[in-house]
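Structure data follow from model05.tsv (TSV, C-alpha atoms and all ligand atoms):
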chain	number	residue	atom	x	y	z
D	1	MET	CA	23.31	-14.39	-7.92
D	2	GLU	CA	24.94	-11.29	-9.48
D	3	PRO	CA	23.06	-8.17	-8.38
D	4	LEU	CA	21.45	-5.88	-10.95
D	5	VAL	CA	23.86	-3.09	-11.80
D	6	ASP	CA	23.35	-0.73	-14.72
D	7	PRO	CA	26.01	0.66	-17.09
D	8	PHE	CA	26.52	3.66	-14.80
D	9	ALA	CA	27.32	1.44	-11.80
D	10	ARG	CA	23.96	2.08	-10.17
D	11	ALA	CA	22.59	-0.93	-8.28
D	12	ILE	CA	18.89	-1.44	-8.98
D	13	SER	CA	17.21	-2.16	-5.68
D	14	TYR	CA	13.83	-0.49	-6.08
D	15	LEU	CA	10.97	-1.62	-8.30
D	16	ARG	CA	7.75	0.27	-8.79
D	17	VAL	CA	4.97	-1.90	-10.12
D	18	SER	CA	1.85	-0.49	-11.71
D	19	VAL	CA	-0.90	-3.04	-11.21
D	20	THR	CA	-3.58	-1.27	-13.23
D	21	ASP	CA	-3.97	1.73	-15.51
D	22	ARG	CA	-7.49	2.29	-14.19
D	23	CYS	CA	-8.51	4.77	-11.57
D	24	ASP	CA	-11.60	6.04	-9.81
D	25	PHE	CA	-10.31	9.62	-10.16
D	26	ARG	CA	-9.40	11.68	-13.21
D	27	CYS	CA	-6.81	14.13	-11.88
D	28	THR	CA	-6.36	16.85	-14.45
D	29	TYR	CA	-2.54	16.61	-14.55
D	30	CYS	CA	-2.64	12.83	-14.88
D	31	MET	CA	-5.56	11.75	-17.03
D	32	SER	CA	-7.96	13.14	-19.54
D	33	GLU	CA	-11.61	13.11	-18.53
D	34	HIS	CA	-12.52	10.39	-20.99
D	35	MET	CA	-9.73	7.90	-20.79
D	36	THR	CA	-9.59	4.78	-22.86
D	37	PHE	CA	-8.15	2.06	-20.69
D	38	LEU	CA	-6.28	-1.01	-21.80
D	39	PRO	CA	-8.18	-4.17	-22.63
D	40	LYS	CA	-8.13	-6.43	-19.58
D	41	ALA	CA	-6.42	-9.22	-21.56
D	42	ASP	CA	-3.37	-7.00	-22.00
D	43	LEU	CA	-2.88	-6.67	-18.26
D	44	LEU	CA	-0.64	-9.05	-16.44
D	45	SER	CA	-2.60	-11.39	-14.22
D	46	LEU	CA	-1.88	-11.28	-10.50
D	47	GLU	CA	0.06	-14.54	-10.89
D	48	GLU	CA	2.16	-13.03	-13.69
D	49	LEU	CA	2.82	-9.93	-11.61
D	50	ASP	CA	3.92	-12.20	-8.79
D	51	ARG	CA	6.29	-14.17	-11.03
D	52	LEU	CA	7.83	-11.04	-12.50
D	53	ALA	CA	8.18	-9.13	-9.22
D	54	SER	CA	9.63	-12.23	-7.57
D	55	ALA	CA	12.26	-12.46	-10.34
D	56	PHE	CA	13.31	-8.88	-9.60
D	57	ILE	CA	13.50	-9.67	-5.90
D	58	ARG	CA	15.73	-12.67	-6.62
D	59	LEU	CA	17.95	-10.28	-8.59
D	60	GLY	CA	18.33	-7.95	-5.65
D	61	VAL	CA	15.30	-5.67	-5.52
D	62	GLN	CA	14.68	-4.86	-1.85
D	63	LYS	CA	11.96	-2.29	-2.07
D	64	LEU	CA	8.72	-2.74	-3.93
D	65	ARG	CA	6.18	0.02	-4.40
D	66	VAL	CA	2.76	-0.89	-5.78
D	67	THR	CA	1.15	1.88	-7.77
D	68	GLY	CA	-1.04	2.52	-10.79
D	69	GLY	CA	-3.52	3.96	-11.88
D	70	GLU	CA	-5.13	3.40	-8.55
D	71	PRO	CA	-3.68	0.16	-7.18
D	72	LEU	CA	-6.52	-0.45	-4.74
D	73	VAL	CA	-9.14	-0.61	-7.51
D	74	ARG	CA	-7.42	-3.64	-9.07
D	75	LYS	CA	-9.62	-6.67	-8.40
D	76	GLY	CA	-8.01	-9.11	-5.98
D	77	ILE	CA	-5.14	-6.76	-5.16
D	78	LEU	CA	-4.82	-8.10	-1.62
D	79	THR	CA	-3.85	-11.46	-3.15
D	80	PHE	CA	-0.89	-9.75	-4.76
D	81	PHE	CA	0.12	-8.01	-1.52
D	82	GLN	CA	-0.22	-11.31	0.27
D	83	ALA	CA	2.01	-13.01	-2.31
D	84	MET	CA	4.64	-10.29	-1.97
D	85	SER	CA	4.52	-10.43	1.81
D	86	ARG	CA	6.22	-13.84	1.63
D	87	HIS	CA	9.35	-11.99	0.49
D	88	LEU	CA	9.07	-9.74	3.54
D	89	ALA	CA	8.93	-12.86	5.68
D	90	THR	CA	12.16	-14.23	4.18
D	91	GLY	CA	13.87	-10.85	4.53
D	92	ALA	CA	14.57	-10.64	0.77
D	93	LEU	CA	12.27	-7.65	0.57
D	94	LYS	CA	12.96	-4.89	3.08
D	95	GLU	CA	9.90	-2.84	2.26
D	96	LEU	CA	6.57	-3.40	0.58
D	97	THR	CA	4.56	-0.26	0.13
D	98	LEU	CA	2.07	1.54	-2.10
D	99	THR	CA	1.08	4.89	-3.52
D	100	THR	CA	-2.65	5.48	-3.51
D	101	ASN	CA	-5.20	8.21	-3.91
D	102	GLY	CA	-6.66	7.05	-0.60
D	103	SER	CA	-10.21	6.50	-1.81
D	104	GLN	CA	-10.23	2.79	-0.89
D	105	LEU	CA	-8.06	2.94	2.21
D	106	ALA	CA	-10.94	2.76	4.65
D	107	LYS	CA	-11.49	-0.76	3.39
D	108	PHE	CA	-7.88	-1.82	2.79
D	109	ALA	CA	-5.74	-0.16	5.47
D	110	ALA	CA	-6.18	-2.82	8.16
D	111	PRO	CA	-5.64	-5.85	5.87
D	112	LEU	CA	-2.59	-4.15	4.36
D	113	ALA	CA	-1.13	-3.52	7.80
D	114	ASP	CA	-1.76	-7.17	8.66
D	115	LEU	CA	0.30	-8.18	5.61
D	116	GLY	CA	3.35	-6.24	6.77
D	117	ILE	CA	2.86	-2.93	5.00
D	118	ARG	CA	4.21	-0.23	7.28
D	119	ARG	CA	3.97	2.94	5.22
D	120	VAL	CA	1.67	4.35	2.60
D	121	ASN	CA	1.94	7.37	0.33
D	122	VAL	CA	-1.36	9.14	-0.20
D	123	SER	CA	-1.76	11.77	-2.89
D	124	LEU	CA	-3.64	14.83	-1.70
D	125	ASP	CA	-3.24	18.24	-3.29
D	126	THR	CA	-5.79	20.28	-1.37
D	127	LEU	CA	-7.88	20.24	1.80
D	128	ASP	CA	-10.69	22.20	0.20
D	129	PRO	CA	-13.57	19.91	-0.88
D	130	ALA	CA	-14.51	22.03	-3.91
D	131	LYS	CA	-10.93	22.30	-5.13
D	132	PHE	CA	-10.43	18.60	-4.52
D	133	ALA	CA	-13.44	17.85	-6.72
D	134	GLU	CA	-12.06	20.21	-9.35
D	135	ILE	CA	-8.56	18.72	-9.53
D	136	THR	CA	-9.58	15.04	-9.27
D	137	ARG	CA	-12.76	15.54	-11.33
D	138	TRP	CA	-14.36	12.42	-9.76
D	139	GLY	CA	-12.99	12.37	-6.24
D	140	ARG	CA	-14.57	13.24	-2.91
D	141	LEU	CA	-12.31	14.71	-0.25
D	142	ALA	CA	-14.23	13.24	2.69
D	143	GLN	CA	-13.71	9.71	1.41
D	144	VAL	CA	-9.97	10.26	1.13
D	145	LEU	CA	-9.73	11.83	4.59
D	146	ASP	CA	-11.60	8.82	5.99
D	147	GLY	CA	-9.12	6.56	4.22
D	148	ILE	CA	-6.16	8.44	5.65
D	149	ALA	CA	-7.68	8.24	9.13
D	150	ALA	CA	-8.15	4.48	8.68
D	151	ALA	CA	-4.51	4.11	7.64
D	152	LYS	CA	-3.36	5.97	10.74
D	153	ALA	CA	-5.67	3.91	12.95
D	154	ALA	CA	-4.23	0.71	11.42
D	155	GLY	CA	-0.74	1.85	12.43
D	156	LEU	CA	0.45	2.77	8.94
D	157	LYS	CA	2.81	5.71	8.63
D	158	VAL	CA	1.25	8.11	6.13
D	159	LYS	CA	3.16	10.36	3.78
D	160	ILE	CA	1.11	12.90	1.91
D	161	ASN	CA	2.23	13.69	-1.64
D	162	ALA	CA	0.95	16.97	-3.04
D	163	VAL	CA	1.57	18.19	-6.56
D	164	ALA	CA	2.60	21.85	-6.33
D	165	LEU	CA	0.30	23.75	-8.65
D	166	LYS	CA	0.65	27.44	-9.26
D	167	GLY	CA	-2.56	29.32	-8.73
D	168	PHE	CA	-4.21	26.20	-7.32
D	169	ASN	CA	-2.72	25.15	-4.01
D	170	GLU	CA	-0.19	27.93	-3.47
D	171	ASP	CA	-2.51	29.49	-0.92
D	172	GLU	CA	-2.75	26.18	0.95
D	173	LEU	CA	0.97	25.75	1.53
D	174	PHE	CA	0.77	26.43	5.25
D	175	SER	CA	-2.62	24.85	5.84
D	176	LEU	CA	-1.36	21.60	4.29
D	177	LEU	CA	1.82	21.84	6.31
D	178	ASP	CA	-0.04	22.51	9.56
D	179	TRP	CA	-2.61	19.79	8.94
D	180	CYS	CA	0.11	17.23	8.29
D	181	ALA	CA	1.99	18.31	11.42
D	182	ALA	CA	-1.17	18.01	13.51
D	183	GLN	CA	-1.94	14.57	12.08
D	184	GLY	CA	1.65	13.31	12.31
D	185	HIS	CA	1.99	12.81	8.54
D	186	ASP	CA	5.09	13.58	6.52
D	187	LEU	CA	4.51	15.84	3.53
D	188	THR	CA	6.24	15.91	0.17
D	189	PHE	CA	5.61	18.30	-2.65
D	190	ILE	CA	6.05	17.20	-6.27
D	191	GLU	CA	6.74	19.41	-9.24
D	192	VAL	CA	4.21	18.89	-11.98
D	193	MET	CA	5.78	16.90	-14.79
D	194	PRO	CA	5.21	17.23	-18.52
D	195	MET	CA	3.43	13.94	-19.07
D	196	GLY	CA	0.35	12.87	-20.96
D	197	GLU	CA	-1.00	14.57	-24.06
D	198	ASP	CA	-2.49	18.03	-24.18
D	199	MET	CA	-0.23	19.48	-21.55
D	200	THR	CA	2.10	21.95	-23.11
D	201	ALA	CA	0.29	25.18	-22.28
D	202	GLY	CA	-1.44	23.99	-19.14
D	203	ARG	CA	1.65	22.50	-17.50
D	204	LEU	CA	3.71	25.61	-17.99
D	205	ASP	CA	1.01	27.73	-16.37
D	206	GLN	CA	0.74	25.28	-13.48
D	207	TYR	CA	4.44	24.83	-12.91
D	208	TRP	CA	5.40	26.06	-9.44
D	209	PRO	CA	9.13	25.48	-8.95
D	210	LEU	CA	9.78	23.96	-5.57
D	211	LYS	CA	12.67	26.32	-4.93
D	212	ASP	CA	10.04	29.08	-4.79
D	213	LEU	CA	7.82	26.97	-2.56
D	214	ARG	CA	10.75	26.25	-0.26
D	215	ALA	CA	11.62	29.95	-0.07
D	216	ARG	CA	8.04	30.66	1.03
D	217	VAL	CA	8.27	28.07	3.81
D	218	ALA	CA	11.65	29.48	4.84
D	219	GLU	CA	10.08	32.92	5.37
D	220	ARG	CA	8.16	31.43	8.27
D	221	HIS	CA	10.29	28.52	9.48
D	222	ALA	CA	13.93	27.54	10.00
D	223	LEU	CA	14.75	24.67	7.64
D	224	THR	CA	17.59	22.20	8.01
D	225	ASP	CA	18.61	20.05	5.06
D	226	LEU	CA	18.53	16.35	5.86
D	227	ALA	CA	21.08	13.89	4.49
D	228	GLU	CA	18.37	11.26	3.97
D	229	ARG	CA	18.31	9.86	0.41
D	230	THR	CA	15.99	7.37	-1.20
D	231	GLY	CA	17.80	7.09	-4.53
D	232	GLY	CA	15.03	9.10	-6.15
D	233	PRO	CA	14.54	12.76	-6.90
D	234	ALA	CA	13.35	13.55	-3.37
D	235	ARG	CA	15.19	15.75	-0.90
D	236	TYR	CA	14.11	16.42	2.66
D	237	VAL	CA	14.33	19.22	5.19
D	238	ARG	CA	13.34	19.40	8.83
D	239	ILE	CA	11.19	22.26	10.03
D	240	GLU	CA	12.96	23.19	13.23
D	241	GLU	CA	9.95	24.64	15.08
D	242	THR	CA	7.82	21.51	14.70
D	243	GLY	CA	10.33	18.74	13.89
D	244	GLN	CA	8.22	18.01	10.82
D	245	LYS	CA	9.89	16.47	7.78
D	246	LEU	CA	9.15	18.12	4.46
D	247	GLY	CA	10.11	16.60	1.12
D	248	PHE	CA	10.63	18.06	-2.33
D	249	ILE	CA	10.48	15.93	-5.46
D	250	THR	CA	12.13	18.04	-8.11
D	251	PRO	CA	12.73	16.11	-11.29
D	252	LEU	CA	12.87	19.40	-13.18
D	253	THR	CA	14.71	22.06	-11.24
D	254	HIS	CA	17.36	19.52	-10.23
D	255	ASN	CA	18.49	16.36	-11.80
D	256	PHE	CA	19.33	13.56	-9.41
D	257	CYS	CA	19.56	10.83	-11.99
D	258	GLU	CA	23.12	9.94	-11.03
D	259	SER	CA	21.91	8.14	-7.90
D	260	CYS	CA	18.82	6.56	-9.49
D	261	ASN	CA	18.24	3.05	-8.12
D	262	ARG	CA	14.82	2.34	-9.59
D	263	VAL	CA	12.92	0.96	-12.53
D	264	ARG	CA	9.21	0.90	-13.30
D	265	LEU	CA	7.08	-1.98	-14.47
D	266	THR	CA	3.77	-1.24	-16.18
D	267	CYS	CA	0.64	-3.29	-15.72
D	268	THR	CA	1.25	-4.80	-19.15
D	269	GLY	CA	4.77	-5.96	-18.32
D	270	GLN	CA	6.80	-3.22	-19.96
D	271	LEU	CA	9.83	-2.16	-18.00
D	272	TYR	CA	10.68	1.52	-18.13
D	273	MET	CA	14.27	2.00	-17.09
D	274	CYS	CA	13.70	5.77	-16.76
D	275	LEU	CA	10.47	7.66	-16.08
D	276	GLY	CA	11.56	10.39	-18.44
D	277	GLN	CA	12.57	8.38	-21.48
D	278	GLU	CA	10.56	6.42	-24.03
D	279	ASP	CA	12.81	3.35	-24.10
D	280	MET	CA	11.32	0.27	-22.49
D	281	ALA	CA	11.72	-3.47	-22.50
D	282	ASP	CA	8.82	-5.84	-23.00
D	283	LEU	CA	8.96	-8.46	-20.26
D	284	ARG	CA	5.50	-9.84	-20.95
D	285	ALA	CA	6.71	-11.70	-24.05
D	286	PRO	CA	9.38	-13.76	-22.24
D	287	LEU	CA	7.04	-14.11	-19.27
D	288	ARG	CA	4.32	-15.65	-21.42
D	289	ALA	CA	6.64	-17.55	-23.75
D	290	THR	CA	8.13	-19.83	-21.15
D	291	THR	CA	7.87	-20.98	-17.56
D	292	ASP	CA	11.66	-20.94	-17.35
D	293	ASP	CA	12.57	-18.14	-14.93
D	294	ALA	CA	16.15	-18.08	-16.19
D	295	VAL	CA	14.87	-16.65	-19.49
D	296	LEU	CA	12.96	-13.98	-17.60
D	297	GLU	CA	15.99	-13.09	-15.50
D	298	ARG	CA	18.11	-12.74	-18.63
D	299	ALA	CA	15.52	-10.41	-20.14
D	300	ILE	CA	15.57	-8.30	-16.97
D	301	ARG	CA	19.37	-8.10	-17.00
D	302	ALA	CA	19.36	-7.12	-20.67
D	303	ALA	CA	16.88	-4.32	-19.89
D	304	ILE	CA	18.93	-2.99	-16.99
D	305	ALA	CA	21.96	-2.93	-19.29
D	306	ARG	CA	20.03	-0.31	-21.31
D	307	LYS	CA	19.13	1.97	-18.39
D	308	PRO	CA	19.90	5.48	-19.61
D	309	LYS	CA	21.95	7.99	-17.69
D	310	GLY	CA	19.02	10.29	-17.06
D	311	HIS	CA	15.99	12.12	-18.36
D	312	ASP	CA	15.77	15.21	-20.55
D	313	PHE	CA	12.87	17.02	-18.93
D	314	ASP	CA	13.37	20.74	-19.05
D	315	TYR	CA	10.91	23.61	-18.70
D	316	SER	CA	12.22	26.57	-20.61
D	317	ARG	CA	10.65	29.88	-21.36
D	318	GLN	CA	9.88	28.74	-24.88
D	319	GLY	CA	8.00	25.61	-23.92
D	320	VAL	CA	8.37	22.22	-22.40
D	321	ALA	CA	11.19	20.01	-23.55
D	322	GLY	CA	11.66	16.32	-23.06
D	323	GLN	CA	7.99	15.76	-22.58
D	324	ILE	CA	6.61	12.28	-22.53
D	325	THR	CA	3.30	11.55	-24.18
D	326	ARG	CA	2.35	8.53	-22.12
D	327	HIS	CA	0.33	9.08	-18.97
D	328	MET	CA	1.73	8.78	-15.49
D	329	SER	CA	-1.02	6.28	-14.73
D	330	HIS	CA	0.48	4.01	-17.38
D	331	THR	CA	4.07	4.05	-16.17
D	332	GLY	CA	3.04	4.19	-12.56
D	333	GLY	CA	3.72	7.33	-10.59
J	401	LIG	N1	-3.44	6.73	-8.04
J	401	LIG	C1	-2.35	6.76	-7.13
J	401	LIG	C2	-2.15	8.15	-6.59
J	401	LIG	O1	-2.72	9.11	-7.12
J	401	LIG	O2	-1.40	8.26	-5.63
J	401	LIG	C3	-1.05	6.22	-7.67
J	401	LIG	C4	-0.69	6.59	-9.08
J	401	LIG	S1	-0.43	8.32	-9.39
J	401	LIG	C5	-0.02	8.31	-11.10
J	401	LIG	C6	1.10	8.59	-8.53
J	401	LIG	C7	1.51	10.00	-8.30
J	401	LIG	O3	1.78	10.61	-9.53
J	401	LIG	C8	0.48	10.87	-7.60
J	401	LIG	O4	1.05	11.41	-6.43
J	401	LIG	C9	0.19	11.95	-8.61
J	401	LIG	O5	-0.07	13.15	-7.97
J	401	LIG	C10	1.44	11.97	-9.42
J	401	LIG	N2	1.28	12.54	-10.75
J	401	LIG	C11	0.43	12.19	-11.73
J	401	LIG	N3	0.60	12.95	-12.83
J	401	LIG	C12	1.61	13.80	-12.53
J	401	LIG	C13	2.27	14.85	-13.25
J	401	LIG	N4	1.92	15.18	-14.48
J	401	LIG	N5	3.26	15.53	-12.61
J	401	LIG	C14	3.63	15.21	-11.34
J	401	LIG	N6	3.05	14.24	-10.63
J	401	LIG	C15	2.04	13.55	-11.20
J	402	LIG	FE1	-5.75	8.43	-10.55
J	402	LIG	FE2	-3.52	8.82	-9.18
J	402	LIG	FE3	-3.74	9.65	-11.73
J	402	LIG	FE4	-5.14	10.89	-9.89
J	402	LIG	S1	-2.90	10.81	-10.00
J	402	LIG	S2	-5.93	10.18	-11.88
J	402	LIG	S3	-5.63	9.29	-8.48
J	402	LIG	S4	-3.75	7.57	-11.03
In structure tokens, what does this structure look like?
Ligand code: SAM
Ligand code: SF4
Amino acid sequence: MEPLVDPFARAISYLRVSVTDRCDFRCTYCMSEHMTFLPKADLLSLEELDRLASAFIRLGVQKLRVTGGEPLVRKGILTFFQAMSRHLATGALKELTLTTNGSQLAKFAAPLADLGIRRVNVSLDTLDPAKFAEITRWGRLAQVLDGIAAAKAAGLKVKINAVALKGFNEDELFSLLDWCAAQGHDLTFIEVMPMGEDMTAGRLDQYWPLKDLRARVAERHALTDLAERTGGPARYVRIEETGQKLGFITPLTHNFCESCNRVRLTCTGQLYMCLGQEDMADLRAPLRATTDDAVLERAIRAAIARKPKGHDFDYSRQGVAGQITRHMSHTGG
């Protein structure tokens, strides 16, 4: 079968699947406090998610990341992981992984490891219980730390993702770094992105460019740039004193769209070819219209043929440009 290649000669090998828009947290940069979630009937069933993800895998997707909302609050989610693990067994899928807030990991880490999951990304912006409660609104730090410990005990490699927030976790830069080094976790910082409504003023105040963060780390440590690339907007350095790997996800200060290898599927079957653009393709309609997978595969190819060159996010002194009004929890972070 012809692999998926977009108009800019980028092979699409990475699919991120949002399995729910729901979450047990309400992180301030991601959701409003009183979110209206989608009616359950709009969501793809686990069987539909399986059929769609499997079509992508037949077309050459080798890495699948399950996300959300909070993927581990989706009822029956282990059934979906189990279904996807058959593609690990055949070798079609090289990696099956997830991004989670960690709240349910104490329960799920061991079964996930049993299904062939090797790595997990856990979002954690602060190690201070009060600040954690403030930023997640509904979260409890202890529960997440227990989840992370369970993941480690189950043999999963943990990467911590922290959103860099000016005036919020600036003072925790080195405590986060040291904690991750002590625990053996990789750490990646993410620049806050202009997504969701009601963010113009707040986001600009919170925006902490990672070049500034990096300069702060470099005052204390020798950093070596690593050649490692994932096709996304992440770049890595090694901290020479500890050997620790530190990542920077900078969709704003840099633009790495030229090597983008990924697309994002929402829990309602919409395919976003770029996180930073509004264009999407509805795959739920062909999925529900017919059991013929050839129709589905044609719809996927047609969508990939529309993948744009890149996003238009830009923070300027005047305001935020290129902002996207949908929530990250919808597209899947
Ligand atoms: N609930 C899971 C979690 O928190 O890891 C998975 C979904 S969440 C939307 C995925 C990632 O998106 C998280 O690391 C979160 O911090 C990040 N995120 C959400 N809103 C963001 C924003 N406005 N800017 C940057 N990152 C954001
Ligand atoms: Fe939930 Fe993740 Fe969004 Fe926080 S970032 S509200 S944990 S989906």
Quiz item: What separation in Å, quoted to one decimal, exists between CA of Phe132 (chain D) and CA of Cys27 (chain D)?
Solution: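 Spanning CA of Phe132 (chain D) to CA of Cys27 (chain D) is a straight-line distance of 9.3 Å.
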Quiz item: So, counting all atoms listed in the file, which residue among D:Gly102, D:Pro39, D:Gly76, D:Gly60 is closest to ligand LIG 402 (chain J)?
Solution: D:Gly102
Compile a residue-level contact table for chain D against ligand LIG 402 (chain J) at a cut-off of 9 Å, reporting for every qualifying residue the shortest atom pair and its distance in Å to one decimal, with all atoms listed in the file counted, rows ordered by chain and ascending number, as a tab-separated table.
residue	atom	partner	partner_atom	distance
D:Asp21	CA	J:LIG402	S4	7.4
D:Arg22	CA	J:LIG402	S4	7.2
D:Cys23	CA	J:LIG402	FE1	4.7
D:Asp24	CA	J:LIG402	FE1	6.4
D:Phe25	CA	J:LIG402	FE1	4.7
D:Arg26	CA	J:LIG402	S2	4.0
D:Cys27	CA	J:LIG402	S2	4.0
D:Thr28	CA	J:LIG402	S2	7.2
D:Tyr29	CA	J:LIG402	S1	7.4
D:Cys30	CA	J:LIG402	FE3	4.6
D:Met31	CA	J:LIG402	S2	5.4
D:Ser32	CA	J:LIG402	S2	8.5
D:Thr67	CA	J:LIG402	S4	8.2
D:Gly68	CA	J:LIG402	S4	5.7
D:Gly69	CA	J:LIG402	S4	3.7
D:Glu70	CA	J:LIG402	S4	5.0
D:Pro71	CA	J:LIG402	S4	8.4
D:Thr99	CA	J:LIG402	FE2	8.3
D:Thr100	CA	J:LIG402	FE2	6.6
D:Asn101	CA	J:LIG402	S3	4.7
D:Gly102	CA	J:LIG402	S3	8.3
D:Ser103	CA	J:LIG402	S3	8.6
D:Ser123	CA	J:LIG402	FE2	7.2
D:Leu124	CA	J:LIG402	S3	9.0
D:Ile135	CA	J:LIG402	FE4	8.6
D:Thr136	CA	J:LIG402	FE4	6.1
D:Arg137	CA	J:LIG402	S2	8.7
D:Trp138	CA	J:LIG402	S2	9.0
D:Gly139	CA	J:LIG402	S3	8.3
D:His327	CA	J:LIG402	FE3	8.3
D:Met328	CA	J:LIG402	FE3	6.7
D:Ser329	CA	J:LIG402	S4	4.8
D:His330	CA	J:LIG402	S4	8.4
D:Gly332	CA	J:LIG402	S4	7.7
D:Gly333	CA	J:LIG402	S4	7.5
Quiz item: Got a sec to check which residues sit within 12 Å of (-12.0, -2.1, -0.8), counting all atoms listed in the file, and write them as a list in words?
Solution: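 Residues with an atom close enough to that point: Glu70, Pro71, Leu72, Val73, Arg74, Lys75, Gly76, Ile77, Leu78, Gly102, Ser103, Gln104, Leu105, Ala106, Lys107, Phe108, Ala109, Ala110, Pro111, Leu112 and Gly147 of chain D.
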Quiz prompt | Between CA of Val144 (chain D) and atom C1 of ligand LIG 401 (chain J) - distance in Å to one decimal | solution =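 Interatomic distance, atom C1 of ligand LIG 401 (chain J) to CA of Val144 (chain D): 11.8 Å.
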Practice problem: To one decimal in Å, tell me the separation between atom N6 of ligand LIG 401 (chain J) and CA of Glu48 (chain D). | Solution: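 It comes out at 27.5 Å.
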Quiz item: Can you list, as number ranges by chain, every protein, DNA or RNA residue that comes within 10 Å of Pro129 (chain D) when you count only C-alpha atoms, leaving out same-chain residues fewer than 5 positions away?
Solution: D: 134, 139-142
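Nearest to ligand LIG 401 (chain J) of all the residues D:Asp114, D:Glu191, D:Asp178, D:Asp50 is D:Glu191, based on only C-alpha atoms and all ligand atoms.
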Quiz item: Using only C-alpha atoms, which residue out of D:Gly269, D:Gly247, D:Gly167, D:Gly116 lies closest to Ala53 (chain D)?
Solution: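 Going through D:Gly269, D:Gly247, D:Gly167, D:Gly116 one by one, the smallest distance to Ala53 (chain D) is for D:Gly269.
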Quiz item: Neighbours of region 9-20 of chain D within 6 Å (all atoms listed in the file; same-chain residues fewer than 4 positions away dropped), as a ChimeraX atom specification?
Solution: /D:4-5,60-69,71,261-267,332
Exercise. Quick one: everything within 8 Å of Ala164 (chain D), counting only C-alpha atoms, minus sequence neighbours fewer than 4 positions away in the same chain. Send it as a VMD selection string.
Key: chain D and resid 125 169 to 170 189 to 192 207 to 210
Exercise. Mind checking which residues fall within 7 Å of Thr188 (chain D), counting all atoms listed in the file, ignoring those fewer than 2 positions away in the same chain, and posting them as a PyMOL selection string?
Key: chain D and resi 160-162+186+190+246-248
